[in-house]
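See below for the structure under consideration.
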Amino acid sequence: SLSQLLADVPRYYATPEMRIESSDEEKFAVVEAIKEDFSRDYEVIDIDGARVVFDDGWGLVRASNTSPVVVVRCEAKTPERRDEIKEMILAKLKRFPSVAAHLD
């Protein structure tokens, strides 16, 4: 059965896509700062944003090309770790006034 075929496939837990308002002027600087901050301690893939790679998951921050929005997604092997990664990303985003105003 399909469920038997998928039994060994690891399960991951993802956030929904978060679209956080920003300014068009600041959104690309936000992504660049996230890339610089996290690249000190983690692998960061910088194709179309900043994807921060952790041993057990990842967090993505990218600037929307069509609206004044920063897009955030996170995924991990457990819901708890997904939430930890999300909080790490959001903590960095709070440094930017145009983004922080829309986080709470």
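Chain identifiers are assigned as A, B, and so on, following the order in which chains appear in the structure tokens; residues are numbered from 1 within each chain, and ligands are numbered from 1 in order of appearance.
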Self-check item: Who sits within 9 Å of range 17-23 of chain A, only C-alpha atoms, same chain under 5 positions skipped, as a list in words
Solution: Ser64, Ser67, Pro68, Val69, Val70, Val71, Val72, Arg73, Cys74, Phe96, Pro97, Ser98, Val99, Ala100, Ala101, His102 and Leu103 of chain A
Can you spit out the residues from that selection as a short mmCIF file (atom, residue, chain, number, x, y, z; two decimals), in the first residue's frame, using all heavy atoms?
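The resulting again-v8.cif:
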```cif
data_model
loop_
_atom_site.label_atom_id
_atom_site.label_comp_id
_atom_site.auth_asym_id
_atom_site.auth_seq_id
_atom_site.Cartn_x
_atom_site.Cartn_y
_atom_site.Cartn_z
N SER A 64 10.16 39.53 -1.51
CA SER A 64 9.21 39.34 -2.59
C SER A 64 9.60 40.24 -3.75
O SER A 64 10.00 41.39 -3.56
CB SER A 64 7.80 39.70 -2.12
OG SER A 64 6.90 39.73 -3.21
N SER A 67 5.95 42.60 -4.24
CA SER A 67 5.30 43.44 -3.23
C SER A 67 6.27 43.77 -2.10
O SER A 67 7.30 43.13 -1.97
CB SER A 67 4.05 42.73 -2.69
OG SER A 67 4.39 41.47 -2.15
N PRO A 68 5.94 44.75 -1.29
CA PRO A 68 6.82 45.14 -0.18
C PRO A 68 6.69 44.16 0.99
O PRO A 68 6.12 44.47 2.04
CB PRO A 68 6.33 46.55 0.17
CG PRO A 68 4.89 46.54 -0.20
CD PRO A 68 4.78 45.65 -1.41
N VAL A 69 7.22 42.97 0.79
CA VAL A 69 7.05 41.87 1.73
C VAL A 69 8.34 41.08 1.84
O VAL A 69 9.04 40.86 0.85
CB VAL A 69 5.90 40.94 1.25
CG1 VAL A 69 5.86 39.63 2.01
CG2 VAL A 69 4.57 41.64 1.32
N VAL A 70 8.63 40.62 3.06
CA VAL A 70 9.67 39.64 3.31
C VAL A 70 8.97 38.33 3.59
O VAL A 70 8.05 38.26 4.42
CB VAL A 70 10.55 40.05 4.51
CG1 VAL A 70 11.54 38.96 4.86
CG2 VAL A 70 11.27 41.36 4.23
N VAL A 71 9.36 37.27 2.89
CA VAL A 71 8.74 35.96 3.03
C VAL A 71 9.63 35.09 3.91
O VAL A 71 10.84 35.03 3.71
CB VAL A 71 8.55 35.30 1.65
CG1 VAL A 71 7.94 33.91 1.80
CG2 VAL A 71 7.68 36.18 0.74
N VAL A 72 9.01 34.42 4.88
CA VAL A 72 9.74 33.55 5.80
C VAL A 72 9.07 32.18 5.83
O VAL A 72 7.85 32.08 5.89
CB VAL A 72 9.76 34.14 7.23
CG1 VAL A 72 10.45 33.20 8.21
CG2 VAL A 72 10.40 35.51 7.25
N ARG A 73 9.90 31.14 5.77
CA ARG A 73 9.44 29.75 5.92
C ARG A 73 10.48 29.02 6.74
O ARG A 73 11.67 29.30 6.63
CB ARG A 73 9.31 29.04 4.57
CG ARG A 73 8.29 29.66 3.68
CD ARG A 73 7.20 28.78 3.11
NE ARG A 73 6.89 27.56 3.76
CZ ARG A 73 7.03 26.35 3.21
NH1 ARG A 73 7.53 26.20 2.01
NH2 ARG A 73 6.69 25.27 3.88
N CYS A 74 10.05 28.03 7.50
CA CYS A 74 10.95 27.22 8.30
C CYS A 74 10.48 25.77 8.27
O CYS A 74 9.28 25.51 8.16
CB CYS A 74 10.99 27.70 9.75
SG CYS A 74 11.47 29.42 9.94
N PHE A 96 14.82 45.38 12.21
CA PHE A 96 14.46 46.25 11.09
C PHE A 96 13.10 46.88 11.34
O PHE A 96 12.09 46.17 11.41
CB PHE A 96 14.46 45.45 9.79
CG PHE A 96 15.81 44.90 9.47
CD1 PHE A 96 16.18 43.63 9.90
CD2 PHE A 96 16.74 45.66 8.77
CE1 PHE A 96 17.43 43.13 9.63
CE2 PHE A 96 17.99 45.17 8.50
CZ PHE A 96 18.35 43.91 8.93
N PRO A 97 13.05 48.19 11.47
CA PRO A 97 11.80 48.87 11.84
C PRO A 97 10.61 48.55 10.94
O PRO A 97 9.51 48.32 11.44
CB PRO A 97 12.17 50.36 11.76
CG PRO A 97 13.65 50.40 11.97
CD PRO A 97 14.17 49.13 11.35
N SER A 98 10.82 48.52 9.63
CA SER A 98 9.67 48.30 8.75
C SER A 98 9.13 46.87 8.86
O SER A 98 7.97 46.62 8.59
CB SER A 98 10.03 48.61 7.30
OG SER A 98 10.88 47.63 6.75
N VAL A 99 9.97 45.94 9.29
CA VAL A 99 9.54 44.55 9.47
C VAL A 99 9.00 44.36 10.89
O VAL A 99 7.94 43.77 11.09
CB VAL A 99 10.71 43.58 9.20
CG1 VAL A 99 10.29 42.15 9.48
CG2 VAL A 99 11.19 43.72 7.76
N ALA A 100 9.73 44.86 11.88
CA ALA A 100 9.36 44.67 13.28
C ALA A 100 7.96 45.19 13.57
O ALA A 100 7.24 44.60 14.39
CB ALA A 100 10.38 45.35 14.18
N ALA A 101 7.57 46.23 12.92
CA ALA A 101 6.23 46.81 13.14
C ALA A 101 5.12 45.82 12.80
O ALA A 101 3.99 45.98 13.26
CB ALA A 101 6.08 48.08 12.31
N HIS A 102 5.43 44.79 12.03
CA HIS A 102 4.40 43.84 11.58
C HIS A 102 4.59 42.45 12.17
O HIS A 102 3.92 41.52 11.76
CB HIS A 102 4.42 43.76 10.05
CG HIS A 102 4.16 45.07 9.41
ND1 HIS A 102 2.91 45.63 9.34
CD2 HIS A 102 5.01 45.97 8.85
CE1 HIS A 102 3.00 46.82 8.75
NE2 HIS A 102 4.26 47.04 8.44
N LEU A 103 5.46 42.31 13.15
CA LEU A 103 5.71 41.00 13.74
C LEU A 103 4.85 40.70 14.96
O LEU A 103 4.61 39.56 15.28
CB LEU A 103 7.19 40.85 14.12
CG LEU A 103 8.13 40.67 12.96
CD1 LEU A 103 9.57 40.62 13.44
CD2 LEU A 103 7.79 39.40 12.18
#
```
Self-check item: All alpha helix (DSSP H) positions in range 6-79 of chain A, as an MDAnalysis selection string
Solution: chainID A and resid 6 27:39 79
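Compared by their closest atoms to Lys86 in chain A, and using only C-alpha atoms, the residues A:Asp41, A:Thr15, A:Asp24, A:Pro10 rank with A:Thr15 nearest.
The coordinates place CA of Ala91 in chain A at 23.2 Å from CA of Asn65 in chain A.
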Practice problem: Assign secondary structure with DSSP using the backbone only, and return the residues of range 8-92 of chain A in strand (DSSP E or B) as JSON, numbers by chain. | Solution: {"A": [13, 14, 18, 19, 20, 21, 43, 44, 45, 50, 51, 52, 53, 54, 57, 58, 59, 60, 61, 62, 63, 69, 70, 71, 72, 73, 74, 75, 76]}
Same residues, N, CA and C atoms, saved as an mmCIF file, in the first residue's frame:
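Generated file (again.cif):
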```
data_model
loop_
_atom_site.group_PDB
_atom_site.id
_atom_site.type_symbol
_atom_site.label_atom_id
_atom_site.label_comp_id
_atom_site.auth_asym_id
_atom_site.auth_seq_id
_atom_site.Cartn_x
_atom_site.Cartn_y
_atom_site.Cartn_z
ATOM 1 N N TYR A 13 8.352 19.018 9.589
ATOM 2 C CA TYR A 13 7.295 19.927 10.012
ATOM 3 C C TYR A 13 7.642 21.329 9.525
ATOM 4 N N ALA A 14 6.721 21.948 8.809
ATOM 5 C CA ALA A 14 6.979 23.250 8.191
ATOM 6 C C ALA A 14 5.991 24.295 8.688
ATOM 7 N N MET A 18 5.043 32.787 5.768
ATOM 8 C CA MET A 18 4.763 34.034 6.478
ATOM 9 C C MET A 18 5.148 35.181 5.558
ATOM 10 N N ARG A 19 4.217 36.060 5.275
ATOM 11 C CA ARG A 19 4.468 37.229 4.431
ATOM 12 C C ARG A 19 4.421 38.455 5.334
ATOM 13 N N ILE A 20 5.597 38.958 5.668
ATOM 14 C CA ILE A 20 5.718 40.050 6.628
ATOM 15 C C ILE A 20 5.948 41.351 5.874
ATOM 16 N N GLU A 21 5.074 42.312 6.109
ATOM 17 C CA GLU A 21 5.202 43.591 5.415
ATOM 18 C C GLU A 21 6.532 44.246 5.747
ATOM 19 N N GLU A 43 25.714 27.241 7.413
ATOM 20 C CA GLU A 43 25.723 27.319 5.950
ATOM 21 C C GLU A 43 24.508 28.134 5.526
ATOM 22 N N VAL A 44 24.700 29.052 4.591
ATOM 23 C CA VAL A 44 23.607 29.850 4.051
ATOM 24 C C VAL A 44 23.632 29.734 2.533
ATOM 25 N N ILE A 45 22.534 29.304 1.975
ATOM 26 C CA ILE A 45 22.383 29.235 0.525
ATOM 27 C C ILE A 45 21.693 30.526 0.115
ATOM 28 N N ALA A 50 17.888 33.995 1.508
ATOM 29 C CA ALA A 50 18.872 33.417 2.419
ATOM 30 C C ALA A 50 18.241 32.199 3.074
ATOM 31 N N ARG A 51 18.721 31.027 2.692
ATOM 32 C CA ARG A 51 18.244 29.779 3.296
ATOM 33 C C ARG A 51 19.313 29.324 4.276
ATOM 34 N N VAL A 52 18.995 29.385 5.558
ATOM 35 C CA VAL A 52 19.922 29.021 6.624
ATOM 36 C C VAL A 52 19.747 27.532 6.898
ATOM 37 N N VAL A 53 20.841 26.778 6.754
ATOM 38 C CA VAL A 53 20.792 25.327 6.881
ATOM 39 C C VAL A 53 21.274 24.913 8.271
ATOM 40 N N PHE A 54 20.427 24.197 8.993
ATOM 41 C CA PHE A 54 20.757 23.627 10.293
ATOM 42 C C PHE A 54 20.855 22.110 10.127
ATOM 43 N N GLY A 57 17.095 21.014 10.097
ATOM 44 C CA GLY A 57 16.058 21.826 9.462
ATOM 45 C C GLY A 57 16.647 23.021 8.744
ATOM 46 N N TRP A 58 15.795 23.972 8.396
ATOM 47 C CA TRP A 58 16.240 25.177 7.699
ATOM 48 C C TRP A 58 15.247 26.303 7.920
ATOM 49 N N GLY A 59 15.728 27.520 7.676
ATOM 50 C CA GLY A 59 14.888 28.708 7.697
ATOM 51 C C GLY A 59 15.193 29.532 6.460
ATOM 52 N N LEU A 60 14.187 30.073 5.834
ATOM 53 C CA LEU A 60 14.342 30.844 4.599
ATOM 54 C C LEU A 60 13.773 32.242 4.784
ATOM 55 N N VAL A 61 14.537 33.232 4.356
ATOM 56 C CA VAL A 61 14.077 34.618 4.307
ATOM 57 C C VAL A 61 14.347 35.109 2.902
ATOM 58 N N ARG A 62 13.316 35.609 2.232
ATOM 59 C CA ARG A 62 13.504 36.146 0.881
ATOM 60 C C ARG A 62 12.636 37.380 0.694
ATOM 61 N N ALA A 63 13.109 38.255 -0.147
ATOM 62 C CA ALA A 63 12.353 39.461 -0.487
ATOM 63 C C ALA A 63 11.409 39.134 -1.639
ATOM 64 N N VAL A 69 7.217 42.970 0.787
ATOM 65 C CA VAL A 69 7.046 41.868 1.733
ATOM 66 C C VAL A 69 8.341 41.079 1.842
ATOM 67 N N VAL A 70 8.625 40.622 3.062
ATOM 68 C CA VAL A 70 9.673 39.643 3.306
ATOM 69 C C VAL A 70 8.967 38.326 3.592
ATOM 70 N N VAL A 71 9.362 37.273 2.888
ATOM 71 C CA VAL A 71 8.740 35.963 3.025
ATOM 72 C C VAL A 71 9.626 35.094 3.907
ATOM 73 N N VAL A 72 9.011 34.417 4.876
ATOM 74 C CA VAL A 72 9.741 33.555 5.799
ATOM 75 C C VAL A 72 9.073 32.183 5.828
ATOM 76 N N ARG A 73 9.903 31.135 5.766
ATOM 77 C CA ARG A 73 9.441 29.749 5.922
ATOM 78 C C ARG A 73 10.481 29.018 6.736
ATOM 79 N N CYS A 74 10.046 28.033 7.502
ATOM 80 C CA CYS A 74 10.950 27.221 8.304
ATOM 81 C C CYS A 74 10.479 25.773 8.272
ATOM 82 N N GLU A 75 11.443 24.856 8.387
ATOM 83 C CA GLU A 75 11.119 23.438 8.394
ATOM 84 C C GLU A 75 12.133 22.711 9.258
ATOM 85 N N ALA A 76 11.678 21.677 9.982
ATOM 86 C CA ALA A 76 12.581 20.900 10.831
ATOM 87 C C ALA A 76 12.020 19.501 11.062
#
```
Quiz prompt | Å distance separating CA of Tyr42 in chain A from CA of Asp8 in chain A, one decimal place | solution = 28.1 Å
Practice problem: Using only C-alpha atoms, find the one residue out of A:Lys77, A:Lys35, A:Lys27, A:Arg40 that sits nearest to Tyr12 in chain A. | Solution: A:Lys77
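Our summary of the geometry notes that CA of Leu5 in chain A is positioned 26.6 Å from CA of Glu80 in chain A.
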